[in-house]
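Note: the block below is start_25.txt and it holds compact mmCIF, C-alpha atoms and all ligand atoms.
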```txt
# COMPACT_ATOMS: atom_id res chain seq x y z
CA MET A 1 -13.30 -3.48 16.90
CA PHE A 2 -14.55 -6.11 14.52
CA THR A 3 -17.79 -8.01 15.11
CA PHE A 4 -20.29 -9.91 12.96
CA HIS A 5 -23.99 -10.43 13.60
CA VAL A 6 -26.38 -12.62 11.65
CA THR A 7 -29.74 -10.82 11.38
CA ALA A 8 -31.88 -13.19 9.27
CA GLN A 9 -31.60 -16.68 7.86
CA ASP A 10 -33.46 -18.28 4.93
CA GLY A 11 -32.26 -21.82 4.28
CA ALA A 12 -28.46 -21.58 4.37
CA ALA A 13 -28.58 -17.96 3.10
CA ARG A 14 -28.23 -15.28 5.73
CA THR A 15 -28.10 -11.52 6.16
CA GLY A 16 -25.99 -9.79 8.73
CA TRP A 17 -23.66 -6.94 9.39
CA LEU A 18 -19.97 -6.53 9.95
CA GLU A 19 -18.88 -3.85 12.38
CA THR A 20 -15.43 -2.53 11.43
CA PRO A 21 -13.24 0.34 12.65
CA HIS A 22 -14.46 2.33 9.62
CA GLY A 23 -18.15 1.56 9.89
CA ARG A 24 -20.79 -1.05 9.31
CA VAL A 25 -21.18 -3.31 6.27
CA GLU A 26 -24.41 -5.13 5.49
CA THR A 27 -24.00 -8.67 4.23
CA PRO A 28 -24.17 -10.44 1.84
CA VAL A 29 -21.84 -7.83 0.36
CA PHE A 30 -19.95 -7.34 -2.88
CA MET A 31 -16.59 -5.56 -2.58
CA PRO A 32 -15.47 -3.68 -5.69
CA VAL A 33 -11.79 -4.25 -6.42
CA GLY A 34 -9.63 -1.15 -5.96
CA THR A 35 -6.42 -2.83 -7.04
CA ARG A 36 -3.93 0.02 -6.55
CA GLY A 37 -5.99 2.28 -4.31
CA ALA A 38 -8.65 3.11 -6.90
CA VAL A 39 -11.50 1.23 -8.53
CA LYS A 40 -10.52 1.66 -12.17
CA ALA A 41 -12.34 4.51 -13.98
CA LEU A 42 -14.37 5.68 -10.94
CA ARG A 43 -14.01 8.39 -8.33
CA HIS A 44 -14.76 7.32 -4.75
CA GLN A 45 -17.93 9.45 -4.74
CA GLU A 46 -19.29 7.52 -7.72
CA LEU A 47 -18.55 4.26 -5.88
CA LYS A 48 -20.46 5.45 -2.84
CA ASP A 49 -23.38 6.62 -5.02
CA ALA A 50 -23.48 3.15 -6.58
CA GLY A 51 -23.87 1.72 -3.07
CA ALA A 52 -20.38 0.40 -2.30
CA SER A 53 -19.83 0.06 1.45
CA ILE A 54 -16.43 -1.67 1.42
CA ILE A 55 -13.69 -1.94 -1.20
CA LEU A 56 -10.71 -4.23 -1.66
CA GLY A 57 -7.08 -3.26 -2.10
CA ASN A 58 -4.42 -5.60 -3.51
CA THR A 59 -1.41 -5.85 -1.21
CA TYR A 60 0.83 -7.19 -4.01
CA HIS A 61 0.37 -4.06 -6.15
CA LEU A 62 0.59 -1.62 -3.22
CA PHE A 63 3.64 -3.47 -1.84
CA LEU A 64 5.47 -2.91 -5.15
CA ARG A 65 4.23 0.66 -5.69
CA PRO A 66 4.31 2.93 -3.74
CA GLY A 67 5.29 0.38 -1.02
CA ASP A 68 3.62 -0.44 2.28
CA GLU A 69 6.17 1.60 4.21
CA ALA A 70 5.45 4.67 2.07
CA ILE A 71 1.70 4.24 2.65
CA GLU A 72 2.22 3.89 6.40
CA ARG A 73 4.23 7.11 6.32
CA LEU A 74 1.30 8.75 4.52
CA GLY A 75 -1.04 7.76 7.35
CA GLY A 76 -2.27 4.38 6.08
CA LEU A 77 -4.32 3.37 3.07
CA HIS A 78 -7.62 5.02 4.12
CA ARG A 79 -5.99 8.40 4.57
CA PHE A 80 -3.69 8.07 1.55
CA ILE A 81 -6.51 7.34 -0.90
CA GLY A 82 -9.20 9.41 0.84
CA TRP A 83 -11.67 6.57 1.43
CA GLU A 84 -13.08 6.66 4.96
CA GLN A 85 -15.26 3.53 4.70
CA PRO A 86 -14.21 -0.07 5.36
CA MET A 87 -11.49 -1.73 3.31
CA LEU A 88 -10.23 -5.28 2.96
CA THR A 89 -6.76 -6.18 1.71
CA ASP A 90 -5.71 -9.55 0.35
CA SER A 91 -2.33 -11.06 1.27
CA GLY A 92 -0.72 -10.66 -2.13
CA GLY A 93 -0.42 -14.43 -2.48
CA PHE A 94 -2.78 -14.80 -5.41
CA GLN A 95 -0.95 -12.14 -7.46
CA ILE A 96 2.49 -13.55 -6.60
CA PHE A 97 1.42 -16.89 -8.00
CA SER A 98 -0.39 -15.42 -11.03
CA LEU A 99 1.61 -12.26 -11.91
CA GLY A 100 4.99 -12.67 -10.23
CA GLU A 101 7.68 -14.23 -12.33
CA ARG A 102 9.67 -17.32 -11.42
CA CYS A 103 7.83 -17.79 -8.14
CA VAL A 104 9.58 -20.30 -5.86
CA VAL A 105 7.74 -21.50 -2.76
CA ARG A 106 9.65 -22.76 0.26
CA GLU A 107 8.49 -23.46 3.79
CA GLU A 108 9.79 -20.05 4.85
CA GLY A 109 7.82 -18.12 2.20
CA ALA A 110 7.54 -17.30 -1.49
CA GLU A 111 10.30 -15.81 -3.59
CA PHE A 112 9.24 -13.99 -6.73
CA ARG A 113 10.30 -11.31 -9.19
CA SER A 114 8.21 -8.18 -9.65
CA HIS A 115 6.25 -8.16 -12.91
CA LEU A 116 7.18 -4.44 -13.14
CA ASP A 117 10.98 -4.43 -13.03
CA GLY A 118 12.11 -7.98 -12.30
CA ALA A 119 13.31 -7.06 -8.79
CA LEU A 120 13.62 -10.04 -6.45
CA HIS A 121 11.27 -10.14 -3.44
CA PHE A 122 10.70 -12.64 -0.67
CA LEU A 123 7.25 -12.69 0.90
CA THR A 124 6.85 -14.61 4.14
CA PRO A 125 3.62 -15.03 6.08
CA GLU A 126 4.96 -12.53 8.63
CA ARG A 127 5.86 -10.03 5.93
CA ALA A 128 2.35 -10.29 4.44
CA VAL A 129 0.86 -9.50 7.87
CA ASP A 130 3.28 -6.59 8.39
CA ALA A 131 2.45 -5.12 4.98
CA GLN A 132 -1.29 -5.22 5.62
CA SER A 133 -0.78 -3.82 9.11
CA ARG A 134 1.05 -0.84 7.59
CA LEU A 135 -1.74 -0.37 5.07
CA GLY A 136 -4.20 -0.44 7.99
CA SER A 137 -7.08 -2.18 6.23
CA ASP A 138 -10.09 -3.21 8.33
CA ILE A 139 -9.82 -6.85 7.24
CA ALA A 140 -6.49 -8.50 6.42
CA ILE A 141 -6.06 -11.93 4.87
CA VAL A 142 -3.43 -14.54 5.68
CA LEU A 143 -0.83 -15.59 3.12
CA ASP A 144 -1.62 -18.94 1.56
CA GLU A 145 -0.21 -21.04 -1.23
CA CYS A 146 -2.38 -20.80 -4.36
CA LEU A 147 -2.55 -23.93 -6.47
CA ALA A 148 -3.25 -24.09 -10.15
CA TYR A 149 -6.25 -26.16 -11.25
CA PRO A 150 -6.24 -29.08 -11.70
CA ALA A 151 -4.09 -30.23 -8.77
CA THR A 152 -3.62 -33.84 -7.74
CA GLU A 153 -4.96 -34.92 -4.38
CA ALA A 154 -1.43 -35.33 -3.00
CA THR A 155 -0.39 -31.84 -4.13
CA ALA A 156 -3.57 -30.26 -2.78
CA ALA A 157 -3.03 -32.01 0.57
CA MET A 158 0.59 -30.88 0.90
CA SER A 159 -0.34 -27.37 -0.09
CA LEU A 160 -3.24 -26.99 2.33
CA ARG A 161 -1.04 -28.23 5.19
CA ARG A 162 1.62 -25.67 4.32
CA SER A 163 -1.08 -23.00 4.08
CA ALA A 164 -2.30 -24.01 7.55
CA ARG A 165 1.24 -23.66 8.95
CA TRP A 166 1.53 -20.26 7.28
CA ALA A 167 -1.88 -19.26 8.69
CA ARG A 168 -0.65 -20.02 12.21
CA ARG A 169 2.46 -17.91 11.64
CA CYS A 170 0.25 -15.08 10.31
CA ARG A 171 -1.94 -15.22 13.40
CA GLU A 172 1.05 -15.23 15.74
CA ARG A 173 2.47 -12.19 13.96
CA LEU A 174 -0.81 -10.29 14.21
CA LEU A 175 -1.03 -11.06 17.94
CA GLU A 176 2.53 -9.71 18.35
CA ILE A 177 1.56 -6.52 16.51
CA ARG A 178 -1.53 -6.12 18.71
CA ALA A 179 0.56 -6.59 21.86
CA ALA A 180 3.35 -4.19 20.80
CA ALA A 181 3.78 -0.88 22.60
CA ALA A 182 3.42 1.23 19.43
CA PRO A 183 -0.12 0.96 18.05
CA PRO A 184 -0.41 -0.04 14.38
CA VAL A 185 -2.16 2.14 11.76
CA ASN A 186 -5.47 0.35 12.43
CA PRO A 187 -5.53 -1.27 15.91
CA GLY A 188 -8.94 -2.84 15.17
CA GLN A 189 -7.78 -4.70 12.06
CA ALA A 190 -9.39 -8.15 11.76
CA GLN A 191 -7.71 -11.13 10.13
CA PHE A 192 -9.33 -13.87 8.05
CA GLY A 193 -7.95 -17.37 7.52
CA ILE A 194 -8.25 -19.11 4.15
CA ILE A 195 -9.69 -22.55 3.50
CA GLN A 196 -7.88 -24.49 0.76
CA GLY A 197 -8.01 -28.11 -0.34
CA GLY A 198 -8.77 -27.93 -4.05
CA THR A 199 -11.90 -29.77 -5.15
CA PHE A 200 -11.47 -32.62 -2.62
CA ASP A 201 -14.16 -32.50 0.04
CA HIS A 202 -12.18 -34.32 2.73
CA LEU A 203 -9.22 -31.96 2.19
CA ARG A 204 -11.52 -28.95 2.47
CA TRP A 205 -12.83 -30.35 5.77
CA GLU A 206 -9.27 -30.91 6.99
CA SER A 207 -8.43 -27.31 6.07
CA VAL A 208 -11.55 -26.01 7.87
CA GLU A 209 -10.57 -27.90 11.01
CA ALA A 210 -6.95 -26.71 10.97
CA THR A 211 -7.81 -23.09 10.20
CA VAL A 212 -10.72 -22.74 12.62
CA ASP A 213 -8.50 -24.29 15.30
CA ILE A 214 -6.11 -21.33 14.95
CA GLY A 215 -9.03 -18.93 15.35
CA PHE A 216 -9.71 -15.95 13.07
CA GLU A 217 -12.35 -13.22 12.92
CA GLY A 218 -13.64 -14.69 9.64
CA TYR A 219 -12.89 -17.30 7.00
CA ALA A 220 -12.21 -17.01 3.29
CA ILE A 221 -12.80 -19.84 0.85
CA GLY A 222 -9.83 -19.79 -1.51
CA GLY A 223 -8.64 -21.76 -4.50
CA LEU A 224 -11.91 -21.57 -6.44
CA SER A 225 -12.83 -19.70 -9.66
CA VAL A 226 -9.52 -20.97 -11.05
CA GLY A 227 -10.91 -22.98 -13.94
CA GLU A 228 -12.80 -25.81 -12.22
CA PRO A 229 -16.25 -26.70 -13.64
CA THR A 230 -18.98 -24.49 -12.16
CA PRO A 231 -20.95 -27.34 -10.53
CA GLU A 232 -17.70 -28.41 -8.80
CA MET A 233 -17.24 -24.91 -7.45
CA TYR A 234 -20.79 -24.75 -6.08
CA ARG A 235 -20.41 -28.15 -4.44
CA VAL A 236 -17.10 -27.22 -2.77
CA VAL A 237 -18.54 -23.88 -1.59
CA GLY A 238 -21.53 -25.67 -0.06
CA GLU A 239 -19.43 -28.36 1.61
CA THR A 240 -16.98 -25.79 2.99
CA ALA A 241 -19.43 -23.09 4.11
CA ALA A 242 -21.59 -25.62 5.96
CA ARG A 243 -18.62 -26.56 8.17
CA LEU A 244 -17.47 -23.04 9.01
CA PRO A 245 -18.54 -21.41 12.31
CA ALA A 246 -22.08 -20.02 11.93
CA GLY A 247 -21.33 -16.88 13.89
CA GLN A 248 -18.46 -15.69 11.70
CA PRO A 249 -18.33 -14.19 8.21
CA ARG A 250 -17.56 -16.36 5.18
CA TYR A 251 -15.86 -14.82 2.17
CA LEU A 252 -15.67 -16.48 -1.25
CA MET A 253 -12.55 -15.02 -2.86
CA GLY A 254 -12.59 -13.92 -6.47
CA ALA A 255 -16.12 -15.00 -7.45
CA GLY A 256 -17.72 -14.31 -9.72
CA THR A 257 -20.62 -13.91 -12.11
CA PRO A 258 -23.93 -12.62 -10.71
CA GLU A 259 -25.17 -16.22 -10.95
CA ASP A 260 -22.16 -17.49 -8.95
CA ILE A 261 -22.86 -14.95 -6.22
CA VAL A 262 -26.54 -15.88 -5.89
CA GLU A 263 -25.64 -19.59 -5.84
CA ALA A 264 -22.96 -19.05 -3.18
CA VAL A 265 -25.28 -16.93 -1.02
CA SER A 266 -27.77 -19.80 -1.11
CA ARG A 267 -24.96 -21.95 0.35
CA GLY A 268 -24.20 -19.55 3.20
CA VAL A 269 -21.51 -17.16 1.85
CA ASP A 270 -21.53 -13.55 3.11
CA MET A 271 -18.78 -11.70 1.21
CA PHE A 272 -17.60 -11.48 -2.39
CA ASP A 273 -15.10 -9.68 -4.58
CA CYS A 274 -14.40 -9.97 -8.28
CA VAL A 275 -12.87 -7.91 -11.06
CA MET A 276 -15.63 -9.09 -13.42
CA PRO A 277 -18.00 -6.06 -13.25
CA THR A 278 -15.17 -3.54 -13.64
CA ARG A 279 -12.96 -5.44 -16.10
CA ASN A 280 -15.91 -6.48 -18.29
CA ALA A 281 -17.17 -2.89 -18.30
CA ARG A 282 -13.88 -1.73 -19.78
CA ASN A 283 -14.29 -4.39 -22.49
CA GLY A 284 -17.85 -3.32 -23.29
CA GLN A 285 -19.46 -6.38 -21.65
CA LEU A 286 -22.43 -5.19 -19.64
CA PHE A 287 -24.78 -6.92 -17.21
CA THR A 288 -28.49 -6.09 -17.28
CA SER A 289 -31.64 -7.35 -15.60
CA ARG A 290 -32.51 -9.09 -18.89
CA GLY A 291 -29.15 -10.66 -19.68
CA ARG A 292 -25.72 -9.64 -20.91
CA LEU A 293 -24.78 -7.56 -23.90
CA ASN A 294 -21.70 -6.33 -25.70
CA ILE A 295 -22.18 -2.62 -26.32
CA ARG A 296 -20.06 -2.66 -29.49
CA ASN A 297 -22.71 -4.80 -31.22
CA ALA A 298 -24.13 -3.14 -34.39
CA ARG A 299 -27.68 -3.83 -33.19
CA PHE A 300 -27.29 -0.91 -30.74
CA ALA A 301 -26.26 1.70 -33.34
CA PHE A 302 -29.72 3.32 -33.39
CA ASP A 303 -30.99 2.00 -30.05
CA GLU A 304 -32.16 5.00 -28.04
CA SER A 305 -33.29 2.97 -25.03
CA PRO A 306 -31.30 2.98 -21.79
CA LEU A 307 -28.77 0.23 -21.23
CA ASP A 308 -31.03 -1.36 -18.62
CA PRO A 309 -34.51 0.18 -18.17
CA ALA A 310 -34.66 -1.39 -14.68
CA CYS A 311 -31.44 0.32 -13.51
CA GLY A 312 -31.33 3.68 -11.75
CA CYS A 313 -27.62 4.44 -12.23
CA TYR A 314 -26.39 7.70 -13.77
CA THR A 315 -25.52 5.95 -17.03
CA CYS A 316 -28.97 4.44 -17.47
CA ARG A 317 -30.76 7.63 -16.43
CA HIS A 318 -28.86 9.88 -18.86
CA HIS A 319 -27.63 7.94 -21.88
CA SER A 320 -28.78 5.66 -24.67
CA ARG A 321 -27.26 2.41 -25.84
CA ALA A 322 -26.47 4.17 -29.14
CA TYR A 323 -24.36 6.81 -27.35
CA LEU A 324 -22.60 4.25 -25.14
CA ARG A 325 -21.77 2.22 -28.25
CA HIS A 326 -20.37 5.32 -29.97
CA LEU A 327 -18.18 6.18 -26.94
CA PHE A 328 -16.88 2.63 -26.74
CA ILE A 329 -16.10 2.29 -30.45
CA THR A 330 -14.31 5.63 -30.60
CA GLY A 331 -12.26 4.75 -27.50
CA GLU A 332 -13.47 7.64 -25.33
CA MET A 333 -12.32 7.34 -21.69
CA THR A 334 -15.84 8.26 -20.59
CA ALA A 335 -17.00 4.90 -21.95
CA CYS A 336 -15.03 3.12 -19.22
CA THR A 337 -16.49 5.35 -16.52
CA LEU A 338 -20.11 5.05 -17.66
CA ASN A 339 -19.86 1.29 -18.26
CA THR A 340 -18.13 0.64 -14.92
CA LEU A 341 -20.65 2.74 -13.06
CA HIS A 342 -23.46 0.68 -14.55
CA ASN A 343 -21.92 -2.77 -14.01
CA LEU A 344 -21.02 -2.01 -10.40
CA THR A 345 -24.50 -0.61 -9.75
CA PHE A 346 -25.92 -3.82 -11.19
CA TYR A 347 -23.81 -5.94 -8.82
CA LEU A 348 -24.48 -3.77 -5.78
CA ASP A 349 -28.23 -3.61 -6.54
CA THR A 350 -28.23 -7.39 -6.86
CA MET A 351 -26.71 -7.64 -3.36
CA ARG A 352 -29.42 -5.34 -1.99
CA ARG A 353 -32.13 -7.46 -3.60
CA ILE A 354 -30.48 -10.60 -2.18
CA ARG A 355 -30.51 -9.10 1.34
CA ASP A 356 -34.16 -8.03 0.96
CA ALA A 357 -35.19 -11.47 -0.29
CA ILE A 358 -33.46 -13.20 2.66
CA SER A 359 -35.07 -10.78 5.13
CA PHE A 360 -38.50 -11.54 3.63
CA ARG A 361 -37.74 -15.30 3.60
CA SER A 362 -38.30 -15.36 -0.16
CA PHE A 363 -34.72 -16.03 -1.27
CA GLU A 364 -35.43 -19.24 -3.19
CA THR A 365 -38.12 -17.52 -5.29
CA PHE A 366 -35.82 -14.57 -5.91
CA LYS A 367 -33.00 -16.91 -6.89
CA GLN A 368 -35.07 -18.80 -9.48
CA GLU A 369 -36.41 -15.58 -11.05
CA PHE A 370 -32.99 -13.93 -11.02
CA LEU A 371 -31.22 -16.88 -12.63
CA ALA A 372 -33.92 -17.13 -15.32
CA SER A 373 -33.66 -13.43 -16.24
CA VAL A 374 -29.98 -12.47 -16.03
CA SER A 375 -28.31 -15.57 -17.47
CA GLY A 376 -27.46 -15.59 -21.15
CA PRO A 377 -27.54 -12.87 -23.79
CA LEU A 378 -29.82 -9.83 -23.61
CA SER A 379 -33.45 -10.54 -24.36
CA ASP A 380 -35.41 -7.37 -25.14
CA ALA A 381 -38.69 -9.22 -25.37
ZN ZN A 401 -27.33 1.36 -15.06
```
As structure tokens, please, write out the structure in this file.
Amino acid sequence: MFTFHVTAQDGAARTGWLETPHGRVETPVFMPVGTRGAVKALRHQELKDAGASIILGNTYHLFLRPGDEAIERLGGLHRFIGWEQPMLTDSGGFQIFSLGERCVVREEGAEFRSHLDGALHFLTPERAVDAQSRLGSDIAIVLDECLAYPATEATAAMSLRRSARWARRCRERLLEIRAAAAPPVNPGQAQFGIIQGGTFDHLRWESVEATVDIGFEGYAIGGLSVGEPTPEMYRVVGETAARLPAGQPRYLMGAGTPEDIVEAVSRGVDMFDCVMPTRNARNGQLFTSRGRLNIRNARFAFDESPLDPACGCYTCRHHSRAYLRHLFITGEMTACTLNTLHNLTFYLDTMRRIRDAISFRSFETFKQEFLASVSGPLSDA
């Protein structure tokens, strides 16, 4: 079954662990995004070596191909993809609104056309719960309505109230599944509600109240990292996290840069996911302990130093910046693997350092030093 324990607190930042049907996860945690059952360019073993304890699967993509019913028939997502550690699935809502074509939202659910073949689909809150139940993830997320930024106050209010009604339907469906005679793929699956409300504090508080009233195993903060100014995002995260139940995990969806993660941890967030480390790696954008770099830059043509001398990943232990630049420029597939391995190691190492700093009650010092060193372009000085 699913439980969460806070083990140390430093200001609003806290460490803890999640107990899931597929093992324990230390928090604050970063979840690499395994969109279609794989983290792009990496084998599962490389993910584990980099320190990943939990990965995320996208219900929208798996729902379209190979289909949630096919995955259930293949024993559930863990068995199908050969990953025995914890997994979280999203509801598919975010992708329907961003990738799906001609998305029409009604009270009953969201109608959309597949971005693959134009086929018409109708996703209801109940259907989103069923799909994730068939996948058998350890943490499922409720279906919510995703708003584009900027939204007016009236639109954000209407939307959060609809999301709250959908959240209640999602919870009722999960309780039905739990009470059914035939056990689902993962009987210990937890379900998180989502807090919406745009950038309006009082709407966020209303959403917290409505969602916590339904009662979930954890709470996601949604509708951020959608183009709002960064200070706005930090403020909303702080205002929202402070009002969520202290004894339950808080998950900031889709954020973000290493700086965003450290800032959100300092405001009490426990869980993160983002495509940034993996997507940027495939574009040659790499994170290091001394700032960011683009590996295609001519300054690295004869640079025999490792990508990040402070990093212990396979890429940094075995290869030079000059070689990584050559692989990238010539379009070798290995470039994606080596770059992804490094960026994910950087994120996962950052999470470990965050947890250590909180445990030692030195998070604020860590935060200041971290923000001063990693922000901006690479400084080799
Ligand atoms: Zn590295």
Neighbour list for A:Arg73 as an NGL selection string, cut-off 9 Å, all atoms listed in the file, skip fewer than 4 positions in-chain: :A and (68-69 or 134)
Test item: residues lying within 10 Å of ligand ZN 401 (chain A) with all atoms listed in the file, as a VMD selection string: chain A and resid 50 286 to 289 306 to 319 338 to 346 349
Contacts of A:Gln189 within 9 Å, only C-alpha atoms, excl. fewer than 3 positions in-chain, as JSON, numbers by chain: {"A": [1, 2, 20, 21, 133, 136, 137, 138, 139, 140, 185, 186]}
Near-A:Ala210 list (9 Å; all atoms listed in the file; drop same-chain fewer than 3 positions) as a ChimeraX atom specification: /A:161,164-165,195,205-207,213-214
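Distance check against A:Arg296 using all atoms listed in the file: of A:Gly222, A:Gly284, A:Gly118, A:Gly109, the minimum falls on A:Gly284.
With all atoms listed in the file as the atoms that count, the residue of A:Val39, A:Phe302, A:Arg173, A:Phe366 with the shortest distance to A:Thr337 is A:Val39.
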